[in-house]
$ cat structure12.pdb   # PDB, C-alpha atoms, pLDDT in the B column
ATOM      1  CA  MET I   1     100.162  -0.946 -20.039  1.00 52.00           C
ATOM      2  CA  ILE I   2     102.685  -0.721 -22.897  1.00 58.00           C
ATOM      3  CA  LYS I   3     101.384  -3.919 -24.522  1.00 56.00           C
ATOM      4  CA  GLY I   4      97.869  -2.506 -24.405  1.00 57.00           C
ATOM      5  CA  LEU I   5      99.019   0.766 -25.960  1.00 57.00           C
ATOM      6  CA  VAL I   6     100.882  -1.021 -28.772  1.00 54.00           C
ATOM      7  CA  GLY I   7      97.880  -3.231 -29.399  1.00 56.00           C
ATOM      8  CA  ALA I   8      95.575  -0.231 -29.494  1.00 57.00           C
ATOM      9  CA  ILE I   9      97.840   1.501 -32.007  1.00 58.00           C
ATOM     10  CA  ALA I  10      97.842  -1.562 -34.249  1.00 55.00           C
ATOM     11  CA  LEU I  11      94.058  -1.895 -33.989  1.00 55.00           C
ATOM     12  CA  SER I  12      93.619   1.790 -34.714  1.00 57.00           C
ATOM     13  CA  ALA I  13      95.713   1.528 -37.877  1.00 55.00           C
ATOM     14  CA  ALA I  14      93.853  -1.594 -38.975  1.00 51.00           C
ATOM     15  CA  PHE I  15      90.467  -0.012 -38.309  1.00 54.00           C
ATOM     16  CA  VAL I  16      91.353   3.118 -40.262  1.00 48.00           C
ATOM     17  CA  ALA I  17      92.572   1.051 -43.198  1.00 51.00           C
ATOM     18  CA  GLN I  18      89.384  -1.044 -43.177  1.00 45.00           C
ATOM     19  CA  ALA I  19      87.145   1.980 -42.812  1.00 55.00           C
ATOM     20  CA  GLY I  20      88.261   3.121 -46.249  1.00 60.00           C
ATOM     21  CA  GLY I  21      89.017   6.677 -45.218  1.00 86.00           C
ATOM     22  CA  SER I  22      91.368   8.536 -47.483  1.00 95.00           C
ATOM     23  CA  VAL I  23      94.821   9.375 -46.246  1.00 96.00           C
ATOM     24  CA  GLU I  24      94.023  13.060 -46.566  1.00 96.00           C
ATOM     25  CA  SER I  25      90.909  12.747 -44.400  1.00 97.00           C
ATOM     26  CA  ILE I  26      92.802  10.776 -41.755  1.00 97.00           C
ATOM     27  CA  ILE I  27      95.518  13.439 -41.700  1.00 97.00           C
ATOM     28  CA  ASP I  28      92.838  16.143 -41.424  1.00 97.00           C
ATOM     29  CA  GLN I  29      91.255  14.288 -38.508  1.00 97.00           C
ATOM     30  CA  ALA I  30      94.651  13.982 -36.816  1.00 97.00           C
ATOM     31  CA  ILE I  31      95.250  17.703 -37.257  1.00 97.00           C
ATOM     32  CA  ALA I  32      91.815  18.541 -35.823  1.00 98.00           C
ATOM     33  CA  ALA I  33      92.282  16.253 -32.821  1.00 98.00           C
ATOM     34  CA  ASN I  34      95.762  17.658 -32.242  1.00 98.00           C
ATOM     35  CA  LYS I  35      94.358  21.210 -32.272  1.00 98.00           C
ATOM     36  CA  GLU I  36      91.770  20.141 -29.710  1.00 97.00           C
ATOM     37  CA  ALA I  37      94.492  18.595 -27.532  1.00 97.00           C
ATOM     38  CA  LYS I  38      96.515  21.795 -27.799  1.00 97.00           C
ATOM     39  CA  SER I  39      93.518  23.891 -26.759  1.00 97.00           C
ATOM     40  CA  LEU I  40      93.159  21.657 -23.691  1.00 96.00           C
ATOM     41  CA  GLY I  41      96.856  22.026 -22.869  1.00 95.00           C
ATOM     42  CA  TYR I  42      97.681  18.383 -23.571  1.00 95.00           C
ATOM     43  CA  GLU I  43      99.282  18.405 -27.011  1.00 96.00           C
ATOM     44  CA  TRP I  44     101.909  15.667 -27.224  1.00 96.00           C
ATOM     45  CA  ASN I  45     105.171  16.819 -28.784  1.00 95.00           C
ATOM     46  CA  VAL I  46     105.391  13.706 -30.984  1.00 97.00           C
ATOM     47  CA  THR I  47     102.004  14.121 -32.628  1.00 97.00           C
ATOM     48  CA  GLY I  48     102.945  17.079 -34.812  1.00 96.00           C
ATOM     49  CA  LYS I  49     106.028  15.207 -36.008  1.00 97.00           C
ATOM     50  CA  ALA I  50     103.891  12.187 -36.852  1.00 97.00           C
ATOM     51  CA  ILE I  51     101.459  14.342 -38.832  1.00 98.00           C
ATOM     52  CA  LYS I  52     104.336  15.902 -40.774  1.00 98.00           C
ATOM     53  CA  ALA I  53     105.783  12.443 -41.475  1.00 98.00           C
ATOM     54  CA  ALA I  54     102.417  11.269 -42.831  1.00 98.00           C
ATOM     55  CA  GLN I  55     102.155  14.356 -45.022  1.00 97.00           C
ATOM     56  CA  ALA I  56     105.706  13.797 -46.321  1.00 98.00           C
ATOM     57  CA  ALA I  57     104.997  10.142 -47.134  1.00 97.00           C
ATOM     58  CA  LEU I  58     101.830  11.150 -48.972  1.00 97.00           C
ATOM     59  CA  LYS I  59     103.707  13.814 -50.921  1.00 97.00           C
ATOM     60  CA  ALA I  60     106.381  11.238 -51.807  1.00 97.00           C
ATOM     61  CA  GLY I  61     103.660   8.982 -53.215  1.00 96.00           C
ATOM     62  CA  ASP I  62     103.894   6.217 -50.595  1.00 96.00           C
ATOM     63  CA  SER I  63     100.205   5.802 -49.811  1.00 94.00           C
ATOM     64  CA  ALA I  64     100.583   2.728 -47.619  1.00 95.00           C
ATOM     65  CA  GLU I  65     103.211   4.348 -45.410  1.00 96.00           C
ATOM     66  CA  ALA I  66     101.242   7.596 -45.333  1.00 97.00           C
ATOM     67  CA  MET I  67      98.125   5.722 -44.172  1.00 97.00           C
ATOM     68  CA  LYS I  68     100.078   3.935 -41.456  1.00 97.00           C
ATOM     69  CA  LEU I  69     101.649   7.172 -40.230  1.00 97.00           C
ATOM     70  CA  ALA I  70      98.382   9.093 -40.466  1.00 97.00           C
ATOM     71  CA  ALA I  71      96.527   6.449 -38.444  1.00 97.00           C
ATOM     72  CA  HIS I  72      99.256   6.538 -35.816  1.00 97.00           C
ATOM     73  CA  ALA I  73      99.172  10.344 -35.663  1.00 97.00           C
ATOM     74  CA  LYS I  74      95.391  10.317 -35.358  1.00 97.00           C
ATOM     75  CA  TYR I  75      95.589   7.756 -32.576  1.00 97.00           C
ATOM     76  CA  MET I  76      98.126   9.845 -30.657  1.00 97.00           C
ATOM     77  CA  ALA I  77      96.098  13.031 -31.085  1.00 97.00           C
ATOM     78  CA  GLU I  78      92.907  11.362 -29.902  1.00 97.00           C
ATOM     79  CA  ALA I  79      94.762   9.727 -27.004  1.00 97.00           C
ATOM     80  CA  SER I  80      96.050  13.114 -25.880  1.00 97.00           C
ATOM     81  CA  VAL I  81      92.487  14.482 -25.886  1.00 97.00           C
ATOM     82  CA  TYR I  82      91.424  11.445 -23.875  1.00 96.00           C
ATOM     83  CA  GLN I  83      94.283  12.083 -21.453  1.00 95.00           C
ATOM     84  CA  ALA I  84      93.188  15.697 -21.001  1.00 95.00           C
ATOM     85  CA  ASN I  85      89.600  14.697 -20.295  1.00 93.00           C
ATOM     86  CA  ASP I  86      90.660  11.868 -17.995  1.00 92.00           C
ATOM     87  CA  GLU I  87      92.989  14.136 -16.058  1.00 91.00           C
ATOM     88  CA  ALA I  88      90.276  16.759 -15.686  1.00 89.00           C
ATOM     89  CA  ASN I  89      88.059  14.168 -14.034  1.00 85.00           C
ATOM     90  CA  MET I  90      90.561  12.093 -12.063  1.00 88.00           C
ATOM     91  CA  TRP I  91      93.147  14.429 -10.582  1.00 83.00           C
ATOM     92  CA  GLN I  92      91.264  14.608  -7.288  1.00 84.00           C
ATOM     93  CA  MET I  93      91.926  10.911  -6.649  1.00 84.00           C
ATOM     94  CA  ARG I  94      95.680  11.542  -6.567  1.00 82.00           C
ATOM     95  CA  VAL I  95      95.526  14.330  -3.994  1.00 83.00           C
ATOM     96  CA  PRO I  96      96.439  13.063  -0.505  1.00 83.00           C
ATOM     97  CA  LYS I  97      93.667  13.437   2.027  1.00 77.00           C
TER      98      LYS I  97
END
$ encode --input "structure12.pdb" --output "structure tokens"
Amino acid sequence: MIKGLVGAIALSAAFVAQAGGSVESIIDQAIAANKEAKSLGYEWNVTGKAIKAAQAALKAGDSAEAMKLAAHAKYMAEASVYQANDEANMWQMRVPK
């Protein structure tokens, strides 16, 4: 499970870098996904910190680090939305019958 998560994070960062999205747009997407996760009640406490770290790296002029952090923040935000949707559909399977 952990290996798959780490691999997905690395692929997400690589995909974002190849897609040519600007750091600002990736940060904006992370913020939007994080807001959606919060509205669903599944905001991860690490995602906001990751977004702030990406913004700080961008402000400091380190574009490569900012892109890496932004991609990671976006991945976490989208994963938390996925978790919310998955939980909404699958919780019944965990209830003893």
$ closest_residue --input "structure12.pdb" --among "I:Lys97, I:Ala71, I:Glu65, I:Ile27" --to "Lys52 in chain I" --atoms "only C-alpha atoms"
I:Ile27
$ closest_residue --input "structure12.pdb" --among "I:Ser63, I:Ser22, I:Gln92, I:Gln83" --to "Trp44 in chain I" --atoms "all atoms listed in the file"
I:Gln83
$ resolve_selection --input "structure12.pdb" --expression "the PyMOL selection byres ((chain I and resi 25) around 12)" --output "PyMOL selection string"
chain I and resi 16-17+19-24+26-32+54-55+58+66-67+70-71+74
$ atom_distance --input "structure12.pdb" --atom1 "CA of Ala79 in chain I" --atom2 "CA of Ala53 in chain I"
18.4 Å
$ atom_distance --input "structure12.pdb" --atom1 "CA of Ser39 in chain I" --atom2 "CA of Tyr82 in chain I"
12.9 Å
$ atom_distance --input "structure12.pdb" --atom1 "CA of Ala57 in chain I" --atom2 "CA of Glu43 in chain I"
22.5 Å
$ closest_residue --input "structure12.pdb" --among "I:Lys68, I:Ala84, I:Ala77, I:Asp62" --to "Asn34 in chain I" --atoms "only C-alpha atoms"
I:Ala77
$ residues_around --input "structure12.pdb" --residues "Val81 in chain I" --least-positions-apart "5" --cutoff "8 Å" --atoms "all atoms listed in the file" --output "PDB file with C-alpha atoms, in the coordinates of the input"
ATOM      1  CA  ALA I  33      92.282  16.253 -32.821  1.00 98.00           C
ATOM      2  CA  ASN I  34      95.762  17.658 -32.242  1.00 98.00           C
ATOM      3  CA  GLU I  36      91.770  20.141 -29.710  1.00 97.00           C
ATOM      4  CA  ALA I  37      94.492  18.595 -27.532  1.00 97.00           C
ATOM      5  CA  LEU I  40      93.159  21.657 -23.691  1.00 96.00           C
ATOM      6  CA  TYR I  42      97.681  18.383 -23.571  1.00 95.00           C
ATOM      7  CA  GLU I  43      99.282  18.405 -27.011  1.00 96.00           C
TER       8      GLU I  43
END
$ closest_residue --input "structure12.pdb" --among "I:Gly41, I:Lys35, I:Asn89, I:Val46" --to "Met76 in chain I" --atoms "all atoms listed in the file"
I:Val46
$ axis_aligned_box --input "structure12.pdb" --around "range 41-45 of chain I" --padding-each-side "6 Å" --output "AutoDock Vina command-line options"
--center_x 101.0 --center_y 18.8 --center_z -25.8 --size_x 20.3 --size_y 18.4 --size_z 17.9
$ closest_residue --input "structure12.pdb" --among "I:Asn85, I:Val95, I:Leu69, I:Met90" --to "Thr47 in chain I" --atoms "all atoms listed in the file"
I:Leu69
